[in-house]
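Novice: A single structure is presented below for examination.
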Amino acid sequence: MNLIQANKASRERLEQFLQTNPNVNKHSLFQYGYVVEMRGNIEGCFTLEEIEEGTYWLKQLYITQSEAAILPVLLEAILTMAKQKHAQRVYVHSHQPVVDILLEALQFHPQKERVSVNNYDKSNGNWWLYHVS
């Protein structure tokens, strides 16, 4: 598994990935994002956007169904990346119960209050916080 800045990934492979995943926000992906490359194919993506000094928001985390088993490893790699960026906190907004279970297992903490970042205030789903050590 290789994590590559989206703006440095193969244009051809990235366009192919985006055609099959039209819900991915291209602008955000090119500005703050990374793609997950496995065996020469792009199989996922995510953005790790700094919202204030030391605080990051993990957004658009996506992995193809065929590679879903690597999600725990991918999350660990993202947290390592956040640590290298000197992050103190990483927020995630989850829409899926399976992801909630995984986040809890990785020592993310559920947030009782809805988090409002960059005018994004979704009432559905759950907010989670990870304290980077």
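Convention: chains lettered A, B, ... in structure tokens order; per-chain residue numbering from 1; ligands numbered from 1 as shown.
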Mind checking which residues fall within 8 Å of region 29-38 of chain A, counting only C-alpha atoms, ignoring those fewer than 5 positions away in the same chain, and posting them as a ChimeraX atom specification?
Specialist: /A:1-7,9,24,43-49,63
Novice: May I have the residues within 10 Å of Arg89 (chain A) as a list in words, using only C-alpha atoms and disregarding those fewer than 4 positions away in the same chain?
Specialist: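 Residues meeting the cut-off are Glu50, Glu52, Glu53, Gly54, Thr55, Tyr56, Trp57, Leu79, Ala82, Lys83, Leu129, Tyr130, His131, Val132 and Ser133 of chain A.
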Novice: Name the closest residue to Val73 (chain A) among the candidates A:His86, A:Leu106, A:Pro97, A:Lys8; distances are taken between atoms, counting only C-alpha atoms.
Specialist: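 Nearest to Val73 (chain A): A:Leu106.
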Novice: Identify which of the residues A:Gln84, A:Asn126, A:Asn41, A:Ser94 lies closest to Arg11 (chain A), counting only C-alpha atoms when measuring atom-to-atom distances.
Specialist: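 Nearest candidate to Arg11 (chain A) out of A:Gln84, A:Asn126, A:Asn41, A:Ser94: A:Asn41.
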Novice: Going by DSSP on the backbone, which bits of region 66-99 of chain A are helix (DSSP H, G or I)? Write them as a PyMOL selection string, please.
Specialist: chain A and resi 66-84+97-99
Novice: I need the residues from that last selection saved to file as a PDB file, in the first residue's frame (with N, CA and C atoms), if you can.
Specialist:
ATOM      1  N   SER A  66     -13.385  -4.110  -2.686  1.00  0.00           N
ATOM      2  CA  SER A  66     -12.461  -5.241  -2.822  1.00  0.00           C
ATOM      3  C   SER A  66     -11.248  -5.116  -1.900  1.00  0.00           C
ATOM      4  N   GLU A  67     -10.944  -3.907  -1.440  1.00  0.00           N
ATOM      5  CA  GLU A  67      -9.788  -3.681  -0.571  1.00  0.00           C
ATOM      6  C   GLU A  67     -10.198  -3.232   0.834  1.00  0.00           C
ATOM      7  N   ALA A  68     -11.462  -3.368   1.176  1.00  0.00           N
ATOM      8  CA  ALA A  68     -11.972  -2.883   2.461  1.00  0.00           C
ATOM      9  C   ALA A  68     -11.237  -3.484   3.661  1.00  0.00           C
ATOM     10  N   ALA A  69     -10.682  -4.655   3.518  1.00  0.00           N
ATOM     11  CA  ALA A  69      -9.983  -5.307   4.631  1.00  0.00           C
ATOM     12  C   ALA A  69      -8.759  -4.522   5.104  1.00  0.00           C
ATOM     13  N   ILE A  70      -8.229  -3.637   4.264  1.00  0.00           N
ATOM     14  CA  ILE A  70      -7.050  -2.869   4.678  1.00  0.00           C
ATOM     15  C   ILE A  70      -7.417  -1.602   5.444  1.00  0.00           C
ATOM     16  N   LEU A  71      -8.698  -1.339   5.637  1.00  0.00           N
ATOM     17  CA  LEU A  71      -9.119  -0.098   6.299  1.00  0.00           C
ATOM     18  C   LEU A  71      -8.423   0.132   7.643  1.00  0.00           C
ATOM     19  N   PRO A  72      -8.316  -0.857   8.531  1.00  0.00           N
ATOM     20  CA  PRO A  72      -7.600  -0.599   9.790  1.00  0.00           C
ATOM     21  C   PRO A  72      -6.144  -0.186   9.577  1.00  0.00           C
ATOM     22  N   VAL A  73      -5.472  -0.839   8.637  1.00  0.00           N
ATOM     23  CA  VAL A  73      -4.076  -0.501   8.337  1.00  0.00           C
ATOM     24  C   VAL A  73      -3.992   0.903   7.745  1.00  0.00           C
ATOM     25  N   LEU A  74      -4.940   1.228   6.881  1.00  0.00           N
ATOM     26  CA  LEU A  74      -4.976   2.558   6.273  1.00  0.00           C
ATOM     27  C   LEU A  74      -5.174   3.635   7.340  1.00  0.00           C
ATOM     28  N   LEU A  75      -6.093   3.418   8.259  1.00  0.00           N
ATOM     29  CA  LEU A  75      -6.314   4.394   9.329  1.00  0.00           C
ATOM     30  C   LEU A  75      -5.061   4.581  10.182  1.00  0.00           C
ATOM     31  N   GLU A  76      -4.379   3.500  10.485  1.00  0.00           N
ATOM     32  CA  GLU A  76      -3.119   3.596  11.247  1.00  0.00           C
ATOM     33  C   GLU A  76      -2.090   4.424  10.468  1.00  0.00           C
ATOM     34  N   ALA A  77      -2.001   4.208   9.167  1.00  0.00           N
ATOM     35  CA  ALA A  77      -1.054   4.957   8.339  1.00  0.00           C
ATOM     36  C   ALA A  77      -1.412   6.440   8.306  1.00  0.00           C
ATOM     37  N   ILE A  78      -2.705   6.749   8.259  1.00  0.00           N
ATOM     38  CA  ILE A  78      -3.150   8.142   8.253  1.00  0.00           C
ATOM     39  C   ILE A  78      -2.789   8.812   9.577  1.00  0.00           C
ATOM     40  N   LEU A  79      -2.967   8.098  10.691  1.00  0.00           N
ATOM     41  CA  LEU A  79      -2.612   8.668  11.994  1.00  0.00           C
ATOM     42  C   LEU A  79      -1.111   8.890  12.110  1.00  0.00           C
ATOM     43  N   THR A  80      -0.322   8.013  11.523  1.00  0.00           N
ATOM     44  CA  THR A  80       1.131   8.202  11.495  1.00  0.00           C
ATOM     45  C   THR A  80       1.475   9.448  10.683  1.00  0.00           C
ATOM     46  N   MET A  81       0.781   9.625   9.564  1.00  0.00           N
ATOM     47  CA  MET A  81       0.980  10.811   8.736  1.00  0.00           C
ATOM     48  C   MET A  81       0.619  12.072   9.513  1.00  0.00           C
ATOM     49  N   ALA A  82      -0.487  12.024  10.253  1.00  0.00           N
ATOM     50  CA  ALA A  82      -0.912  13.180  11.055  1.00  0.00           C
ATOM     51  C   ALA A  82       0.153  13.518  12.102  1.00  0.00           C
ATOM     52  N   LYS A  83       0.726  12.501  12.701  1.00  0.00           N
ATOM     53  CA  LYS A  83       1.779  12.723  13.700  1.00  0.00           C
ATOM     54  C   LYS A  83       2.987  13.404  13.058  1.00  0.00           C
ATOM     55  N   GLN A  84       3.344  12.982  11.850  1.00  0.00           N
ATOM     56  CA  GLN A  84       4.464  13.592  11.130  1.00  0.00           C
ATOM     57  C   GLN A  84       4.186  15.055  10.793  1.00  0.00           C
ATOM     58  N   PRO A  97     -21.965   2.460  10.951  1.00  0.00           N
ATOM     59  CA  PRO A  97     -21.708   1.771  12.218  1.00  0.00           C
ATOM     60  C   PRO A  97     -20.424   0.946  12.223  1.00  0.00           C
ATOM     61  N   VAL A  98     -20.080   0.332  11.097  1.00  0.00           N
ATOM     62  CA  VAL A  98     -18.855  -0.467  11.037  1.00  0.00           C
ATOM     63  C   VAL A  98     -17.628   0.428  11.229  1.00  0.00           C
ATOM     64  N   VAL A  99     -17.660   1.624  10.646  1.00  0.00           N
ATOM     65  CA  VAL A  99     -16.550   2.561  10.815  1.00  0.00           C
ATOM     66  C   VAL A  99     -16.497   3.047  12.259  1.00  0.00           C
TER      67      VAL A  99
END
Novice: Please extract the residues of chain A with a backbone DSSP assignment of strand (DSSP E) and present them as a tab-separated table (two decimals) with C-alpha atoms, in the first residue's frame.
Specialist:
chain	number	residue	atom	x	y	z
A	2	ASN	CA	1.36	3.41	-1.03
A	3	LEU	CA	-0.10	6.76	0.01
A	4	ILE	CA	0.53	9.37	-2.68
A	5	GLN	CA	-0.45	13.03	-2.73
A	33	GLY	CA	-5.81	14.66	-0.51
A	34	TYR	CA	-3.98	11.44	-0.94
A	35	VAL	CA	-4.72	8.35	-2.95
A	36	VAL	CA	-4.22	4.78	-1.84
A	37	GLU	CA	-2.33	2.82	-4.46
A	38	MET	CA	-2.19	-0.96	-4.37
A	41	ASN	CA	-4.14	0.76	-9.07
A	42	ILE	CA	-5.76	3.52	-7.08
A	43	GLU	CA	-8.08	1.76	-4.65
A	44	GLY	CA	-8.98	4.59	-2.28
A	45	CYS	CA	-8.51	8.16	-1.20
A	46	PHE	CA	-8.79	10.55	1.72
A	47	THR	CA	-8.17	14.16	2.61
A	48	LEU	CA	-6.38	15.31	5.73
A	49	GLU	CA	-7.17	18.99	6.05
A	50	GLU	CA	-5.73	21.25	8.74
A	51	ILE	CA	-8.63	23.25	10.15
A	52	GLU	CA	-6.62	25.12	12.76
A	55	THR	CA	-6.10	20.14	14.41
A	56	TYR	CA	-6.87	18.07	11.33
A	57	TRP	CA	-10.05	16.74	9.80
A	58	LEU	CA	-9.92	13.37	8.08
A	59	LYS	CA	-12.48	13.63	5.27
A	60	GLN	CA	-13.54	11.64	2.24
A	61	LEU	CA	-12.03	8.42	3.50
A	62	TYR	CA	-12.90	5.92	0.82
A	63	ILE	CA	-11.60	2.46	-0.04
A	89	ARG	CA	-5.99	16.20	17.18
A	90	VAL	CA	-7.71	14.45	14.28
A	91	TYR	CA	-11.48	14.64	13.81
A	92	VAL	CA	-13.53	12.16	11.77
A	93	HIS	CA	-17.23	12.29	10.90
A	94	SER	CA	-18.53	8.76	10.45
A	109	HIS	CA	-13.23	9.13	21.25
A	110	PRO	CA	-16.88	9.83	20.39
A	126	ASN	CA	-21.06	10.55	14.60
A	127	TRP	CA	-18.05	12.75	15.29
A	128	TRP	CA	-14.90	11.16	16.64
A	129	LEU	CA	-11.66	12.66	17.99
A	130	TYR	CA	-8.22	11.13	18.15
A	131	HIS	CA	-5.55	12.72	20.36
Novice: Quick one, how far is CA of Asp100 (chain A) from CA of Leu18 (chain A)?
Specialist: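 Value for the CA of Asp100 (chain A)-CA of Leu18 (chain A) distance: 25.6 Å.
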Novice: So which one's closest to Ser10 (chain A), A:Lys85, A:His27, A:Gly40, A:Pro22? Using only C-alpha atoms, please.
Specialist: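 That would be A:Gly40, the residue with the smallest distance to Ser10 (chain A).
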Novice: Which value, in Å to one decimal, gives the distance between CA of Asn21 (chain A) and CA of Ile101 (chain A)?
Specialist: 24.4 Å
Novice: Quote the spacing between CA of Ala87 (chain A) and CA of Phe108 (chain A) in Å to one decimal place.
Specialist: 14.4 Å
